[in-house]
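Enquirer: Below is work_20.cif; it holds mmCIF, C-alpha atoms and all ligand atoms.
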```
data_target
#
loop_
_atom_site.label_atom_id
_atom_site.label_comp_id
_atom_site.auth_asym_id
_atom_site.auth_seq_id
_atom_site.Cartn_x
_atom_site.Cartn_y
_atom_site.Cartn_z
CA MET A 1 -2.70 -11.72 20.92
CA ARG A 2 -3.67 -8.09 20.77
CA PHE A 3 -2.21 -5.10 19.00
CA PRO A 4 -3.51 -1.62 18.25
CA LEU A 5 -3.74 0.21 14.96
CA LYS A 6 -3.22 3.84 15.84
CA ILE A 7 -4.02 6.53 13.27
CA ALA A 8 -3.96 9.43 15.71
CA GLU A 9 -4.46 9.72 19.47
CA SER A 10 -8.21 10.05 18.98
CA ARG A 11 -8.52 7.35 16.32
CA SER A 12 -7.32 3.90 17.22
CA THR A 13 -8.65 0.39 17.10
CA VAL A 14 -7.53 -2.95 18.42
CA LEU A 15 -7.20 -6.34 16.85
CA VAL A 16 -7.77 -9.13 19.32
CA SER A 17 -7.43 -12.81 18.58
CA GLY A 18 -7.87 -16.21 20.22
CA LYS A 19 -9.32 -16.59 23.72
CA GLY A 20 -8.50 -12.97 24.45
CA ALA A 21 -11.05 -11.93 21.83
CA TRP A 22 -14.01 -13.45 23.67
CA LYS A 23 -12.78 -12.09 27.01
CA TRP A 24 -12.41 -8.61 25.53
CA LEU A 25 -15.89 -8.70 24.00
CA ASN A 26 -17.60 -10.05 27.11
CA ASN A 27 -16.06 -7.33 29.25
CA PHE A 28 -16.78 -4.60 26.73
CA THR A 29 -20.39 -5.52 26.01
CA GLY A 30 -21.07 -6.27 29.70
CA ARG A 31 -19.80 -2.82 30.75
CA HIS A 32 -21.66 -1.16 27.88
CA GLN A 33 -24.98 -2.74 28.77
CA GLU A 34 -24.55 -1.85 32.46
CA LYS A 35 -24.62 1.75 31.24
CA SER A 36 -27.85 0.85 29.39
CA GLY A 37 -26.30 1.10 25.94
CA GLN A 38 -28.07 -0.88 23.25
CA ILE A 39 -26.27 -3.51 21.18
CA PHE A 40 -27.20 -4.47 17.62
CA ILE A 41 -25.75 -7.44 15.75
CA LEU A 42 -25.70 -7.40 11.96
CA VAL A 43 -25.64 -10.83 10.32
CA ASP A 44 -26.47 -12.26 6.92
CA GLU A 45 -28.71 -15.32 6.63
CA ASN A 46 -25.72 -17.68 6.59
CA THR A 47 -23.84 -16.16 9.52
CA ARG A 48 -27.12 -16.00 11.46
CA HIS A 49 -27.34 -19.75 11.03
CA HIS A 50 -23.67 -20.78 11.37
CA CYS A 51 -22.05 -18.11 13.53
CA LEU A 52 -24.60 -16.33 15.69
CA PRO A 53 -25.28 -19.32 18.02
CA VAL A 54 -21.51 -19.72 18.65
CA PHE A 55 -21.12 -15.98 19.11
CA LEU A 56 -23.94 -15.77 21.69
CA LYS A 57 -22.64 -18.82 23.56
CA LYS A 58 -19.16 -17.30 23.78
CA ASN A 59 -20.62 -14.02 25.06
CA PRO A 60 -22.84 -14.91 28.00
CA ARG A 61 -22.72 -11.34 29.34
CA LEU A 62 -24.41 -10.01 26.20
CA LYS A 63 -28.14 -9.66 26.97
CA HIS A 64 -30.98 -9.24 24.44
CA PRO A 65 -29.10 -7.82 21.46
CA VAL A 66 -31.23 -6.69 18.52
CA ILE A 67 -30.42 -8.90 15.52
CA LEU A 68 -30.50 -7.29 12.07
CA THR A 69 -30.39 -9.73 9.15
CA VAL A 70 -29.50 -9.07 5.52
CA ALA A 71 -29.36 -11.39 2.51
CA PRO A 72 -25.97 -12.98 1.82
CA GLY A 73 -23.86 -11.94 -1.16
CA GLU A 74 -22.34 -8.95 -2.91
CA LYS A 75 -25.73 -7.54 -4.00
CA THR A 76 -26.38 -6.69 -0.35
CA LYS A 77 -23.72 -3.96 -0.53
CA SER A 78 -26.27 -1.50 -1.90
CA PRO A 79 -27.87 1.86 -1.05
CA GLU A 80 -31.19 -0.01 -0.56
CA THR A 81 -29.72 -2.24 2.17
CA VAL A 82 -28.16 0.77 3.88
CA LEU A 83 -31.48 2.62 3.88
CA SER A 84 -33.28 -0.38 5.29
CA LEU A 85 -30.63 -0.77 8.06
CA TRP A 86 -30.82 2.95 8.96
CA ASN A 87 -34.60 2.49 9.26
CA SER A 88 -34.23 -0.64 11.41
CA LEU A 89 -31.82 1.15 13.76
CA SER A 90 -34.17 4.09 13.97
CA ASP A 91 -37.29 1.91 14.52
CA ASN A 92 -35.44 0.14 17.34
CA GLU A 93 -34.55 3.50 18.90
CA ALA A 94 -30.81 3.21 18.42
CA GLU A 95 -28.95 6.13 19.99
CA ARG A 96 -25.52 7.66 19.53
CA ASN A 97 -24.13 5.37 22.23
CA SER A 98 -25.53 2.22 20.60
CA ILE A 99 -23.05 -0.30 19.24
CA LEU A 100 -23.29 -2.26 16.01
CA ILE A 101 -21.46 -5.61 15.93
CA ASN A 102 -20.80 -6.80 12.37
CA LEU A 103 -20.80 -10.61 12.48
CA GLY A 104 -20.08 -11.82 8.98
CA GLY A 105 -17.82 -11.70 5.96
CA GLY A 106 -16.59 -8.70 4.03
CA VAL A 107 -20.09 -7.88 2.82
CA VAL A 108 -21.46 -7.57 6.36
CA CYS A 109 -18.38 -5.71 7.66
CA ASP A 110 -18.27 -3.28 4.70
CA THR A 111 -22.01 -2.56 4.79
CA GLY A 112 -22.33 -2.52 8.59
CA GLY A 113 -19.24 -0.33 8.89
CA PHE A 114 -20.73 2.18 6.47
CA VAL A 115 -24.07 2.18 8.28
CA ALA A 116 -22.29 2.68 11.64
CA SER A 117 -20.18 5.52 10.25
CA THR A 118 -23.23 7.44 9.02
CA PHE A 119 -26.07 6.69 11.47
CA LYS A 120 -26.44 9.74 13.73
CA ARG A 121 -23.09 10.89 12.33
CA GLY A 122 -21.37 7.76 13.61
CA ILE A 123 -22.01 5.08 16.22
CA GLN A 124 -19.36 2.63 17.42
CA CYS A 125 -18.99 -0.68 15.64
CA ILE A 126 -17.08 -3.88 16.31
CA ASN A 127 -16.11 -6.25 13.52
CA VAL A 128 -16.30 -9.97 14.17
CA PRO A 129 -15.24 -11.35 10.79
CA THR A 130 -16.38 -14.87 9.92
CA THR A 131 -14.65 -15.44 6.57
CA LEU A 132 -10.93 -15.71 5.91
CA MET A 133 -11.22 -12.72 3.56
CA ALA A 134 -12.72 -10.55 6.28
CA MET A 135 -10.37 -11.75 9.05
CA ALA A 136 -7.22 -11.05 7.06
CA ASP A 137 -8.39 -8.03 5.11
CA ALA A 138 -11.92 -6.59 4.89
CA ALA A 139 -12.52 -6.17 8.62
CA VAL A 140 -9.11 -4.59 9.18
CA GLY A 141 -8.02 -1.10 8.19
CA GLY A 142 -11.17 1.01 8.47
CA LYS A 143 -12.47 1.12 4.90
CA THR A 144 -16.22 0.69 4.60
CA GLY A 145 -18.19 0.65 1.38
CA ILE A 146 -21.14 -0.28 -0.77
CA ASN A 147 -21.52 -0.61 -4.53
CA LEU A 148 -23.33 1.81 -6.82
CA GLY A 149 -24.85 -0.27 -9.62
CA ASN A 150 -21.99 -2.49 -10.73
CA ILE A 151 -19.28 -0.06 -9.62
CA LYS A 152 -17.57 -1.63 -6.65
CA ASN A 153 -17.20 0.29 -3.41
CA SER A 154 -18.21 3.53 -5.06
CA ILE A 155 -19.74 4.90 -1.86
CA GLY A 156 -18.01 4.52 1.48
CA SER A 157 -16.10 6.00 4.35
CA PHE A 158 -12.92 5.66 6.35
CA TYR A 159 -14.15 4.58 9.75
CA LEU A 160 -12.25 2.55 12.32
CA PRO A 161 -14.17 -0.07 14.26
CA LYS A 162 -13.70 -0.02 18.02
CA ALA A 163 -12.12 -3.47 17.58
CA THR A 164 -11.74 -6.36 15.19
CA LEU A 165 -11.88 -9.80 16.76
CA ILE A 166 -10.11 -12.64 15.00
CA CYS A 167 -11.74 -15.99 15.81
CA PRO A 168 -10.62 -18.61 13.24
CA LEU A 169 -13.13 -21.01 14.79
CA PHE A 170 -15.75 -19.57 12.41
CA LEU A 171 -13.81 -20.88 9.41
CA LYS A 172 -14.93 -24.41 10.23
CA THR A 173 -18.26 -23.89 8.45
CA LEU A 174 -16.92 -21.87 5.53
CA ASP A 175 -16.93 -23.46 2.06
CA LYS A 176 -13.59 -24.18 0.39
CA PRO A 177 -14.07 -21.61 -2.43
CA GLU A 178 -14.52 -18.92 0.24
CA ILE A 179 -11.36 -20.07 2.03
CA LEU A 180 -9.50 -19.84 -1.28
CA SER A 181 -10.94 -16.39 -1.83
CA GLY A 182 -9.46 -15.17 1.47
CA LEU A 183 -6.14 -16.82 0.71
CA ALA A 184 -5.77 -14.66 -2.40
CA GLU A 185 -5.74 -11.48 -0.26
CA ILE A 186 -3.31 -13.06 2.19
CA PHE A 187 -0.95 -13.96 -0.65
CA LYS A 188 -1.35 -10.47 -2.10
CA VAL A 189 -0.37 -8.63 1.08
CA THR A 190 2.73 -10.80 1.45
CA LEU A 191 3.67 -10.22 -2.21
CA VAL A 192 3.57 -6.44 -1.75
CA ALA A 193 4.93 -6.14 1.78
CA ASP A 194 6.88 -9.10 3.13
CA ARG A 195 9.33 -11.09 1.05
CA PHE A 196 10.16 -13.46 3.94
CA PHE A 197 6.53 -14.31 4.59
CA TRP A 198 6.04 -14.83 0.84
CA ASP A 199 8.90 -17.37 0.87
CA LYS A 200 7.13 -19.16 3.73
CA ILE A 201 3.81 -18.99 1.92
CA ILE A 202 5.07 -20.69 -1.21
CA SER A 203 6.72 -23.46 0.74
CA THR A 204 3.55 -24.15 2.76
CA GLY A 205 1.68 -27.28 1.72
CA TRP A 206 -1.62 -25.60 0.89
CA THR A 207 -3.24 -28.70 -0.51
CA GLU A 208 -2.57 -30.51 2.80
CA LEU A 209 -3.60 -27.55 4.95
CA LEU A 210 -6.86 -27.18 3.02
CA SER A 211 -7.73 -30.86 3.02
CA SER A 212 -6.56 -31.89 6.51
CA SER A 213 -8.66 -31.42 9.65
CA PHE A 214 -9.06 -27.82 10.76
CA ASP A 215 -5.97 -26.49 12.57
CA GLU A 216 -7.10 -23.36 14.41
CA LYS A 217 -3.64 -22.37 15.67
CA LYS A 218 -2.05 -22.61 12.21
CA TRP A 219 -4.78 -20.50 10.66
CA GLU A 220 -4.57 -17.95 13.46
CA LYS A 221 -0.83 -17.48 12.85
CA ILE A 222 -1.32 -16.93 9.10
CA ILE A 223 -4.27 -14.57 9.55
CA ILE A 224 -2.58 -12.50 12.24
CA ARG A 225 0.57 -12.05 10.14
CA ALA A 226 -1.52 -10.90 7.16
CA ALA A 227 -3.59 -8.56 9.35
CA GLU A 228 -0.42 -7.17 10.96
CA LEU A 229 1.05 -6.46 7.53
CA LYS A 230 -2.14 -4.66 6.47
CA CYS A 231 -2.21 -2.63 9.71
CA ALA A 232 1.39 -1.55 9.17
CA VAL A 233 0.49 -0.22 5.71
CA VAL A 234 -2.72 1.47 6.89
CA GLU A 235 -0.96 3.21 9.79
CA LYS A 236 1.28 4.97 7.30
CA ASP A 237 -1.56 6.14 5.05
CA PHE A 238 -4.98 5.72 6.60
CA SER A 239 -6.84 7.93 4.10
CA ASP A 240 -5.35 6.21 1.07
CA ASN A 241 -3.42 9.13 -0.36
CA GLY A 242 -0.59 7.07 -1.84
CA TYR A 243 1.26 4.31 -0.01
CA ARG A 244 -1.89 2.38 0.97
CA GLY A 245 -2.39 1.84 -2.76
CA ILE A 246 0.11 -1.04 -2.57
CA LEU A 247 -2.80 -3.09 -1.22
CA ASN A 248 -4.56 -2.63 -4.56
CA PHE A 249 -2.16 -4.99 -6.32
CA GLY A 250 -4.28 -7.30 -8.50
CA HIS A 251 -7.43 -5.26 -7.88
CA THR A 252 -7.75 -3.13 -11.03
CA PHE A 253 -7.95 -6.21 -13.23
CA GLY A 254 -9.52 -8.16 -10.36
CA HIS A 255 -12.52 -5.82 -10.10
CA ALA A 256 -13.05 -6.12 -13.85
CA PHE A 257 -13.06 -9.94 -13.61
CA GLU A 258 -15.44 -9.68 -10.66
CA ALA A 259 -17.88 -7.29 -12.38
CA LEU A 260 -17.83 -9.37 -15.56
CA SER A 261 -18.61 -12.51 -13.61
CA LEU A 262 -21.31 -10.80 -11.54
CA ARG A 263 -23.08 -9.86 -14.76
CA ARG A 264 -22.87 -13.21 -16.52
CA ASP A 265 -22.39 -16.12 -14.10
CA ARG A 266 -25.03 -17.84 -12.05
CA THR A 267 -22.37 -18.40 -9.35
CA PRO A 268 -20.24 -15.26 -9.48
CA LEU A 269 -16.50 -15.44 -8.85
CA PRO A 270 -15.72 -14.80 -5.18
CA HIS A 271 -13.87 -11.48 -4.70
CA GLY A 272 -10.52 -13.07 -3.80
CA LYS A 273 -10.57 -15.42 -6.75
CA ALA A 274 -11.19 -12.47 -9.05
CA VAL A 275 -8.21 -10.76 -7.40
CA ALA A 276 -6.11 -13.90 -8.03
CA SER A 277 -6.87 -13.57 -11.76
CA GLY A 278 -6.05 -9.86 -11.51
CA ILE A 279 -2.71 -10.67 -9.88
CA LEU A 280 -1.79 -12.89 -12.85
CA CYS A 281 -2.39 -9.98 -15.28
CA GLU A 282 -0.68 -7.40 -13.07
CA CYS A 283 2.31 -9.72 -12.50
CA PHE A 284 2.71 -9.89 -16.25
CA LEU A 285 2.80 -6.07 -16.46
CA SER A 286 5.16 -5.99 -13.45
CA MET A 287 7.55 -8.23 -15.35
CA LYS A 288 7.22 -6.33 -18.61
CA TYR A 289 7.27 -2.75 -17.28
CA CYS A 290 8.37 -2.68 -13.64
CA GLY A 291 11.47 -4.83 -13.32
CA LEU A 292 10.00 -8.01 -11.80
CA ARG A 293 12.48 -10.77 -12.63
CA GLU A 294 11.21 -13.39 -15.05
CA PRO A 295 11.92 -16.36 -12.71
CA ASP A 296 9.89 -14.63 -9.97
CA PHE A 297 7.09 -13.94 -12.46
CA GLU A 298 7.08 -17.62 -13.51
CA MET A 299 7.08 -18.78 -9.90
CA ILE A 300 4.20 -16.47 -8.89
CA THR A 301 2.04 -17.27 -11.91
CA GLY A 302 2.71 -21.03 -11.53
CA PHE A 303 1.78 -20.85 -7.82
CA PHE A 304 -1.40 -18.80 -8.38
CA THR A 305 -2.70 -20.96 -11.22
CA HIS A 306 -1.97 -24.08 -9.16
CA VAL A 307 -3.91 -22.80 -6.14
CA PHE A 308 -6.70 -20.80 -7.83
CA GLY A 309 -7.07 -22.16 -11.34
CA TYR A 310 -8.21 -20.07 -14.26
CA TYR A 311 -11.39 -18.05 -14.86
CA PRO A 312 -12.25 -18.37 -18.58
CA ILE A 313 -12.63 -15.23 -20.67
CA SER A 314 -12.25 -14.60 -24.41
CA ASP A 315 -11.00 -11.63 -26.43
CA GLY A 316 -14.68 -10.74 -26.92
CA ASP A 317 -14.66 -9.68 -23.22
CA PHE A 318 -11.74 -7.23 -23.57
CA GLU A 319 -13.82 -4.14 -24.42
CA GLU A 320 -16.10 -4.59 -21.43
CA MET A 321 -13.12 -5.17 -19.14
CA LEU A 322 -11.39 -2.05 -20.50
CA MET A 323 -14.56 -0.05 -19.86
CA LEU A 324 -14.79 -1.43 -16.31
CA MET A 325 -11.16 -0.56 -15.61
CA GLY A 326 -11.78 2.91 -16.98
CA GLN A 327 -14.17 3.44 -14.04
CA ASP A 328 -11.63 2.45 -11.38
CA LYS A 329 -11.44 4.77 -8.36
CA LYS A 330 -7.64 4.98 -8.66
CA ASN A 331 -7.73 6.58 -12.10
CA ARG A 332 -6.56 10.17 -12.42
CA ASN A 333 -7.30 12.53 -15.33
CA GLY A 334 -8.76 9.70 -17.35
CA ALA A 335 -5.60 7.56 -17.07
CA ILE A 336 -5.64 4.09 -15.53
CA ASN A 337 -3.17 3.69 -12.66
CA LEU A 338 -1.96 0.34 -11.41
CA THR A 339 0.01 -0.97 -8.47
CA LEU A 340 2.79 -3.22 -9.75
CA ILE A 341 5.56 -5.15 -8.00
CA LYS A 342 9.25 -4.51 -8.61
CA LYS A 343 10.17 -7.66 -6.69
CA THR A 344 8.46 -9.91 -4.18
CA GLY A 345 7.74 -7.85 -1.09
CA MET A 346 8.10 -4.49 -2.86
CA ALA A 347 5.28 -2.69 -4.69
CA MET A 348 5.09 0.55 -6.70
CA VAL A 349 1.88 2.59 -6.72
CA HIS A 350 0.53 4.92 -9.45
CA GLN A 351 2.02 3.11 -12.44
CA PRO A 352 0.28 4.56 -15.51
CA CYS A 353 -1.21 1.93 -17.77
CA SER A 354 -2.36 2.43 -21.35
CA ARG A 355 -5.17 0.55 -23.12
CA LYS A 356 -2.46 -1.21 -25.12
CA MET A 357 -0.82 -2.52 -21.93
CA ILE A 358 -4.17 -3.78 -20.65
CA ARG A 359 -4.74 -5.66 -23.90
CA GLU A 360 -1.23 -7.15 -23.67
CA ALA A 361 -1.94 -8.39 -20.14
CA LEU A 362 -5.29 -9.87 -21.17
CA ASP A 363 -3.64 -11.53 -24.20
CA PHE A 364 -1.14 -13.06 -21.78
CA TYR A 365 -4.02 -14.20 -19.55
CA LEU A 366 -5.60 -16.08 -22.47
CA THR A 367 -2.40 -18.15 -22.84
CA ILE A 368 -2.52 -19.49 -19.28
CA PRO A 369 -4.49 -22.71 -19.98
CA GLU A 370 -1.91 -23.60 -22.61
CA LYS A 371 1.06 -23.00 -20.29
CA HIS A 372 -0.60 -24.45 -17.21
CA PRO A 373 -2.95 -27.18 -18.41
CA HIS A 374 -3.85 -28.07 -14.77
CA ALA A 375 -5.45 -24.61 -14.38
CA GLY A 376 -9.09 -25.38 -15.26
CA ARG A 377 -11.74 -23.15 -13.71
CA LYS A 378 -11.60 -23.87 -9.98
CA SER A 379 -14.13 -21.38 -8.75
CA SER A 380 -16.41 -23.82 -7.01
N1 LIG B 1 -13.04 -2.93 3.32
C1 LIG B 1 -11.99 -3.54 2.86
O1 LIG B 1 -10.85 -3.13 3.10
C2 LIG B 1 -12.17 -4.78 2.01
C3 LIG B 1 -11.06 -5.55 1.70
C4 LIG B 1 -11.26 -6.73 0.98
C5 LIG B 1 -12.54 -7.09 0.56
N2 LIG B 1 -13.59 -6.28 0.88
C6 LIG B 1 -14.95 -6.65 0.46
O2 LIG B 1 -15.31 -7.87 1.10
C7 LIG B 1 -16.32 -8.48 0.30
C8 LIG B 1 -16.02 -9.96 0.18
O3 LIG B 1 -15.98 -10.51 1.48
P1 LIG B 1 -16.16 -12.09 1.71
O4 LIG B 1 -15.29 -12.79 0.78
O5 LIG B 1 -16.02 -12.32 3.16
O6 LIG B 1 -17.66 -12.38 1.18
P2 LIG B 1 -19.07 -12.50 1.91
O7 LIG B 1 -19.20 -11.59 3.05
O8 LIG B 1 -20.08 -12.41 0.82
O9 LIG B 1 -19.05 -13.99 2.48
C9 LIG B 1 -18.98 -15.07 1.58
C10 LIG B 1 -20.10 -16.10 1.84
O10 LIG B 1 -19.81 -16.83 3.02
C11 LIG B 1 -20.93 -16.81 3.91
N3 LIG B 1 -20.35 -16.91 5.25
C12 LIG B 1 -19.71 -15.95 5.94
N4 LIG B 1 -19.17 -16.46 7.05
C13 LIG B 1 -19.48 -17.78 7.07
C14 LIG B 1 -19.18 -18.85 7.95
N5 LIG B 1 -18.38 -18.70 9.01
N6 LIG B 1 -19.68 -20.08 7.67
C15 LIG B 1 -20.44 -20.29 6.56
N7 LIG B 1 -20.74 -19.31 5.67
C16 LIG B 1 -20.26 -18.07 5.92
C17 LIG B 1 -21.62 -15.52 3.58
O11 LIG B 1 -22.98 -15.55 3.97
C18 LIG B 1 -21.47 -15.47 2.06
O12 LIG B 1 -22.44 -16.28 1.47
C19 LIG B 1 -16.33 -7.78 -1.05
O13 LIG B 1 -17.48 -6.98 -1.13
C20 LIG B 1 -15.08 -6.91 -1.00
O14 LIG B 1 -15.23 -5.73 -1.75
C21 LIG B 1 -13.43 -5.15 1.60
#
```
Show me the file's structure as structure tokens.
Expert:
Amino acid sequence: MRFPLKIAESRSTVLVSGKGAWKWLNNFTGRHQEKSGQIFILVDENTRHHCLPVFLKKNPRLKHPVILTVAPGEKTKSPETVLSLWNSLSDNEAERNSILINLGGGVVCDTGGFVASTFKRGIQCINVPTTLMAMADAAVGGKTGINLGNIKNSIGSFYLPKATLICPLFLKTLDKPEILSGLAEIFKVTLVADRFFWDKIISTGWTELLSSSFDEKKWEKIIIRAAELKCAVVEKDFSDNGYRGILNFGHTFGHAFEALSLRRDRTPLPHGKAVASGILCECFLSMKYCGLREPDFEMITGFFTHVFGYYPISDGDFEEMLMLMGQDKKNRNGAINLTLIKKTGMAMVHQPCSRKMIREALDFYLTIPEKHPHAGRKSS
């Protein structure tokens, strides 16, 4: 399957999946190298081990790429990594017609995308996502970014890759918590943009799908639908001036959970699982202030706690979380803005949110273990 995301005539990208992805890449890299263009592949230590051998085998026309390796994990999304990658490209005589292939999860795609968008004012990049999170979300839509201290994605660019290749085969070696993390973003995009897909999602037997043997075709269908939904949103508002904000549902609270966990846990919460906790809080506010019907709220919160569990916090964490939310990129004139849902499949951006409302949502969050006793911490 193949479909383009077109922002303007001069700015478009393609999403290619299945066998077509390898064919597309072989032809593209083969032609590029015939014109003596250099190819770089960015991996982290895990994708170098698990994914690079498969990638090279599937791309026999790709000759002598330069492999750039970074450490795995969120801390890699830093100005230091970017500087070291700029230096590596420069030391290896990368030119404007060089291509950077990002083979990894959201960390590799976000960092590599940013490096590609800035090196010599922009070289082409291709995303080959290897996590569910990156296939369905991070590698699609042209946002790149790194963190500044503990402020997520504070530095970045809007930069479309030449293509994003969806190859669910890579999911075979991914740990279950990382699969769950990607699922949270898939559920989110359906909640804000596609009521019918949401109905399908909740009737899918996730426990069976996650525990049974790997079904590449099933995963491909789910990923492609989520990526299609994201592309449709991005096409309407590439530079994130309003409508694209619907994709931030769950993220204001989610980023606060993520930053809190990054500071205090030895195994930090994966991004998507932090977003799942954020969705619980923002669903509560959607019900209280945005018209989400109570039965829908109950159904969504029951479903999310069943699949993702509960990340424990106490009221002693509220001040830090408020401070973290105060730094959110979506804030305007000092006010915190949220994306909330009016009903399943329909989101509202720029919903002002007071400190009192945030406290109410966090108070609600603390009651979850009581209401859903099965929801112990399931982050690993
Ligand atoms: N740009 C965007 O629009 C966007 C959207 C959503 C998320 N993001 C970003 O994506 C990042 C999270 O991405 P992620 O969840 O993919 O995390 P990640 O890139 O850190 O990958 C998770 C872990 O899985 C390992 N891994 C990757 N592929 C593997 C494979 N096939 N087999 C075995 N191990 C593998 C990685 O080395 C890492 O340890 C966050 O920084 C988030 O901000 C960006």
Enquirer: If we count only C-alpha atoms and set the cut-off at 8 Å, which residues sit around Glu216 (chain A), ignoring sequence neighbours fewer than 3 positions away in its own chain? Please answer as a PDB file with C-alpha atoms, in the coordinates of the input.
Expert:
```
ATOM      1  CA  PRO A 168     -10.620 -18.610  13.240  1.00  0.00           C
ATOM      2  CA  LEU A 169     -13.130 -21.010  14.790  1.00  0.00           C
ATOM      3  CA  TRP A 219      -4.780 -20.500  10.660  1.00  0.00           C
ATOM      4  CA  GLU A 220      -4.570 -17.950  13.460  1.00  0.00           C
TER       5      GLU A 220
END
```
Enquirer: Quick one: residues within 10 Å of Thr173 (chain A), all atoms listed in the file, excluding same-chain residues fewer than 6 positions away - as a VMD selection string?
Expert: chain A and resid 46 to 47 50 to 51 130 to 131
Enquirer: When you look at Glu95 (chain A) with a cut-off of 12 Å (counting only C-alpha atoms), what residues show up, excluding the ones that are within fewer than 2 positions of it in the same chain? I need them as a PDB file with C-alpha atoms, keeping the file's coordinate frame.
Expert:
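Written out: result-v3.pdb:
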```
ATOM      1  CA  SER A  36     -27.850   0.850  29.390  1.00  0.00           C
ATOM      2  CA  GLY A  37     -26.300   1.100  25.940  1.00  0.00           C
ATOM      3  CA  GLN A  38     -28.070  -0.880  23.250  1.00  0.00           C
ATOM      4  CA  ILE A  39     -26.270  -3.510  21.180  1.00  0.00           C
ATOM      5  CA  PHE A  40     -27.200  -4.470  17.620  1.00  0.00           C
ATOM      6  CA  TRP A  86     -30.820   2.950   8.960  1.00  0.00           C
ATOM      7  CA  LEU A  89     -31.820   1.150  13.760  1.00  0.00           C
ATOM      8  CA  SER A  90     -34.170   4.090  13.970  1.00  0.00           C
ATOM      9  CA  ASP A  91     -37.290   1.910  14.520  1.00  0.00           C
ATOM     10  CA  ASN A  92     -35.440   0.140  17.340  1.00  0.00           C
ATOM     11  CA  GLU A  93     -34.550   3.500  18.900  1.00  0.00           C
ATOM     12  CA  ASN A  97     -24.130   5.370  22.230  1.00  0.00           C
ATOM     13  CA  SER A  98     -25.530   2.220  20.600  1.00  0.00           C
ATOM     14  CA  ILE A  99     -23.050  -0.300  19.240  1.00  0.00           C
ATOM     15  CA  LEU A 100     -23.290  -2.260  16.010  1.00  0.00           C
ATOM     16  CA  ALA A 116     -22.290   2.680  11.640  1.00  0.00           C
ATOM     17  CA  PHE A 119     -26.070   6.690  11.470  1.00  0.00           C
ATOM     18  CA  LYS A 120     -26.440   9.740  13.730  1.00  0.00           C
ATOM     19  CA  ARG A 121     -23.090  10.890  12.330  1.00  0.00           C
ATOM     20  CA  GLY A 122     -21.370   7.760  13.610  1.00  0.00           C
ATOM     21  CA  ILE A 123     -22.010   5.080  16.220  1.00  0.00           C
ATOM     22  CA  GLN A 124     -19.360   2.630  17.420  1.00  0.00           C
TER      23      GLN A 124
END
```
Enquirer: Around ligand LIG 1 (chain B), which protein and nucleic acid residues have at least one atom no more than 8 Å from it, if we count only C-alpha atoms and all ligand atoms? List them as a compact mmCIF listing (two decimals) with C-alpha atoms, keeping the file's coordinate frame.
Expert:
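That gives us pocket.txt:
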```txt
# COMPACT_ATOMS: atom_id res chain seq x y z
CA ASP A 44 -26.47 -12.26 6.92
CA GLU A 45 -28.71 -15.32 6.63
CA ASN A 46 -25.72 -17.68 6.59
CA THR A 47 -23.84 -16.16 9.52
CA HIS A 50 -23.67 -20.78 11.37
CA CYS A 51 -22.05 -18.11 13.53
CA ALA A 71 -29.36 -11.39 2.51
CA PRO A 72 -25.97 -12.98 1.82
CA GLY A 73 -23.86 -11.94 -1.16
CA GLU A 74 -22.34 -8.95 -2.91
CA LYS A 77 -23.72 -3.96 -0.53
CA GLY A 104 -20.08 -11.82 8.98
CA GLY A 105 -17.82 -11.70 5.96
CA GLY A 106 -16.59 -8.70 4.03
CA VAL A 107 -20.09 -7.88 2.82
CA VAL A 108 -21.46 -7.57 6.36
CA CYS A 109 -18.38 -5.71 7.66
CA ASP A 110 -18.27 -3.28 4.70
CA PRO A 129 -15.24 -11.35 10.79
CA THR A 130 -16.38 -14.87 9.92
CA THR A 131 -14.65 -15.44 6.57
CA LEU A 132 -10.93 -15.71 5.91
CA MET A 133 -11.22 -12.72 3.56
CA ALA A 134 -12.72 -10.55 6.28
CA ASP A 137 -8.39 -8.03 5.11
CA ALA A 138 -11.92 -6.59 4.89
CA ALA A 139 -12.52 -6.17 8.62
CA VAL A 140 -9.11 -4.59 9.18
CA GLY A 141 -8.02 -1.10 8.19
CA GLY A 142 -11.17 1.01 8.47
CA LYS A 143 -12.47 1.12 4.90
CA THR A 144 -16.22 0.69 4.60
CA GLY A 145 -18.19 0.65 1.38
CA ILE A 146 -21.14 -0.28 -0.77
CA LYS A 152 -17.57 -1.63 -6.65
CA ASN A 153 -17.20 0.29 -3.41
CA PHE A 170 -15.75 -19.57 12.41
CA LEU A 171 -13.81 -20.88 9.41
CA LYS A 172 -14.93 -24.41 10.23
CA THR A 173 -18.26 -23.89 8.45
CA LEU A 174 -16.92 -21.87 5.53
CA ASP A 175 -16.93 -23.46 2.06
CA GLU A 178 -14.52 -18.92 0.24
CA SER A 181 -10.94 -16.39 -1.83
CA GLY A 182 -9.46 -15.17 1.47
CA GLU A 185 -5.74 -11.48 -0.26
CA PRO A 270 -15.72 -14.80 -5.18
CA HIS A 271 -13.87 -11.48 -4.70
CA GLY A 272 -10.52 -13.07 -3.80
```
Enquirer: Have a look at CA of Val54 (chain A) and CA of Leu85 (chain A) and let me know their distance in Å, one decimal.
Expert: 23.5 Å
